[in-house]
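The next block holds one structure in the form of structure tokens; read it before the comments.
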There are 2 protein chains.
Amino acid sequence: MPTSPTTPLPTLVPTTQLSIDLADRRYDILIGCGLLDQPHTVACGAASSEALIVTNTTVAPLYAHRLQRVLAAHHARVNTIALPDGEAHKDWDTLNLVFDRLLGGGYDRRTVLYALGGGVVGDMTGFAAACYMRGVAYVQVPTTLLAQVDSSVGGKTAINHPAGKNMIGAFHQPLRVIADLDTLDTLPDREISAGLAEVIKYGPIADDEFLGWIEQHIDALRARDKSALAHAVRRSCEIKAHVVAQDERDAGLRAILNFGHTFGHAIEAGLGFGTWLHGEAVGCGMGMAADLSVRCGLIDVAYAQRIKALIARAGLPTRGPSLGAARYLDLMRIDKKSESGQIRFVLIDAPGQASLHGADDALVAEVIEANCG
Amino acid sequence: MPTSPTTPLPTLVPTTQLSIDLADRRYDILIGCGLLDQPHTVACGAASSEALIVTNTTVAPLYAHRLQRVLAAHHARVNTIALPDGEAHKDWDTLNLVFDRLLGGGYDRRTVLYALGGGVVGDMTGFAAACYMRGVAYVQVPTTLLAQVDSSVGGKTAINHPAGKNMIGAFHQPLRVIADLDTLDTLPDREISAGLAEVIKYGPIADDEFLGWIEQHIDALRARDKSALAHAVRRSCEIKAHVVAQDERDAGLRAILNFGHTFGHAIEAGLGFGTWLHGEAVGCGMGMAADLSVRCGLIDVAYAQRIKALIARAGLPTRGPSLGAARYLDLMRIDKKSESGQIRFVLIDAPGQASLHGADDALVAEVIEANCG
């Protein structure tokens with residue numbers, strides 16, 4: 001008997017299912033190849049509810065049609081809205097395009113939003129879902145490495161404010177996260193590198209063995225080897241799920257996931273959002289945070305050098321822009337982790353272990369001067 | 001020994017403390033006189049945290065200074081922002097003034113917002129608190145009757161969208177609700193009437209005996225008799241707390257609190273927000289919903305007439321504007337209670353009992369024609 005033409009081709013890597021267990025609910029993260037063509041994997045929420053795919057103008061021509069087709073059997077109506085692409089559009093005006101579309105189309109409270117794209121699309125769609133009629137369901141369909149290993153998992157949603165990144169947002173958990181590794185095939189090299197920054201992050205903060213694995217496989221990852229990517233995404237999501245389950249609302253432990261982000265956010269805000277990719281700023285910021293960990297006497301220089309070398313091998317910048325120490329400090333003070341104007345940094349306490357620390361401005365300025373310009 | 005000048009004067013009514021019990025937390029509603037001058041009653045949240053009073057340009061000159069003074073001992077910094085007054089300003093641009101102030105002033109995640117004003121201030125402050133850095137604490141200090149009996153209790157927060165009222169929002173419970181009845185002294189008569197609409201509401205949906213009590217005391221309430229107001233606010237909050245405790249997220253039962261609101265929202269949106277006060281639209285809408293309950297065979301004409309007579313005695317309109325039935329129906333279809341384009345109304349099943357019902361457009365059109373223009 002000939003194979004039916006609709007039978008999916010065998011994939012190189014098996015699909016992994018992880019769960020994220022929260023106080024009042026639990027949801028799955030699915031990682032694998034060809035997932036976008038599997039109706040039962042992708043479609044979520046009440047049967048015959050309505051669906052709106054939120055994506056951007058770059059991703060829409062690549063995957064929106066496929067997602068729309070696979071959702072058609074489950075939902076009474078499926079439409080797509082393509083937002084302008086990029087961090088520079090992660091603002092209220094762009095978010096409001098989603099609300100205009102939902103209200104203009106008469107979408108009710110049972111509507112499911114599907115976030116198809118990278119971190120910006122995921123954060124904005126999640127925040128739109130958090131606020132529309134005081135909360136509707138949404139599904140994360142991350143198509144960038146960065147979103148697959150980090151931003152799509154854990155329910156943090158937000159938009160930027162001119163005065164700071166992700167300052168306006170909500171905690172709103174998705175119904176499901178569907179990480180189809182095949183979507184990484186169309187990602188520019190620069191975006192693969194940016195995603196690797198968030199993969200590398202999990203090593204120093206939580207799993208020194210994983211750091212070693214990344215060092216061994218960094219070239220395979222940059223070459224998009226599916227087995228290597230599958231392991232990197234799986235292990236990253238496992239660590240993130242473990243941390244988020246212990247601290248959904250970011251009261252303490254969860255802050256370690258922000259390793260490199262305090263310096264990174266300052267770079268993004270200082271240059272104007274979208275000049276550097278988020279992952280590039282985080283990559284550079286991790287090197288700076290590692291340096292600060294050394295200067296605070298927490299780790300030795302060799303470990304910081306090891307991290308910086310891996311960041312460079314991932315194709316990421318290791319020197320920050322020369323904004324001047326004063327400007328860096330001002331930008332970092334409006335970080336969400338700050339308390340009473342005191343900046344708090346995620347520093348490495350030991351290989352695979354991190355926590356929040358305050359640091360003298362003078363020491364931070366030394367780090368900035370040594371690593372920027 | 002002479003009385004110390006700081007001893008508060010004796011008040012006519014004792015302070016009542018109600019609790020609202022939710023799945024994961026509980027908070028108090030305090031109702032009484034002179035509460036605004038009691039530091040331990042008003043000040044909330046982490047000691048030495050920062051505070052921002054959010055109010056409007058009408059209420060600020062009356063009470064902001066007193067609230068600021070009473071908070072000074074508890075908080076490291078207390079400031080006030082006065083928003084433009086009125087439902088027409090319950091939008092993103094006005095909300096963003098709060099975010100600009102918070103970010104510009106370096107307010108951190110431990111900040112407490114105090115909502116000093118009516119329903120619009122409370123809803124916007126609550127939504128700002130829900131979104132600022134993904135959630136900070138807030139306290140409701142309602143200064144209108146409507147806010148004291150309804151909008152300040154239960155954690156519904158929102159802003160309007162040109163296409164519909166309260167369409168963008170969040171569930172975010174306050175730390176405490178402080179209803180100082182003395183603040184009603186400065187309220188215009190029209191606002192007292194508007195607040196009475198939400199008081200009257202609790203009779204037909206939950207407590208027929210309370211409806212009888214309101215009929216007996218409607219003149220005392222309009223004359224701002226403190227004992228009558230204290231009972232009305234207390235009983236309204238008791239009923240609301242009971243309903244919200246059973247259905248915090250508005251999955252079913254809580255919808256009965258929207259009695260009169262489906263017609264009412266259409267009136268507000270159809271005329272442009274702010275033309276009629278929310279309470280006026282709800283008052284008129286309750287008459288229409290009572291009429292629809294009769295036409296659906298649920299209650300007799302006499303009960304609907306009784307409700308309408310009380311609405312009129314409260315100084316509220318009983319005839320809606322002549323928008324035309326088609327326009328009313330269009331506006332009502334984007335109500336949050338709608339499902340798949342089907343409008344759902346809170347109808348009276350029996351005196352003191354209500355639930356959600358669908359209704360034929362033709363029947364609804366009859367109600368509109370009989371009660372509007």
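Numbering starts fresh at 1 for the residues of each chain in the structure tokens, the chains themselves are lettered A, B, ... in the order given, and ligands are numbered from 1 as they appear.
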
Inset, instruction - Write out as a VMD selection string every residue belonging to chain B that has an atom at most 9 Å from any atom of chain A, counting only C-alpha atoms. - result: chain B and resid 49 to 50 92 99 to 100 103 to 104 106 to 110 128 130 to 135 156 to 158 161 to 164 166 to 171 249 333 to 341

Legend entry - Contact residues around segment 254-269 of chain B with only C-alpha atoms at 9 Å, ignoring same-chain residues under 6 positions, as an MDAnalysis selection string: chainID B and resid 150 162:165 198 201:202 204:206 240 243:244 246:248 275:290 320:321 323 327:332 335 337 343:348 353:356 368

Legend entry - Nearest residue to Leu271 of chain A from the set A:Gly324, A:Ile178, A:Trp213, A:Val78 (distances using only C-alpha atoms):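 Looking only at the distances to Leu271 of chain A, the closest residue turns out to be A:Gly324.
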
Legend entry - Selection near Leu30 of chain B, 6 Å with only C-alpha atoms, sequence-local residues under 3 positions removed, as a ChimeraX atom specification: /B:16-17,178-179
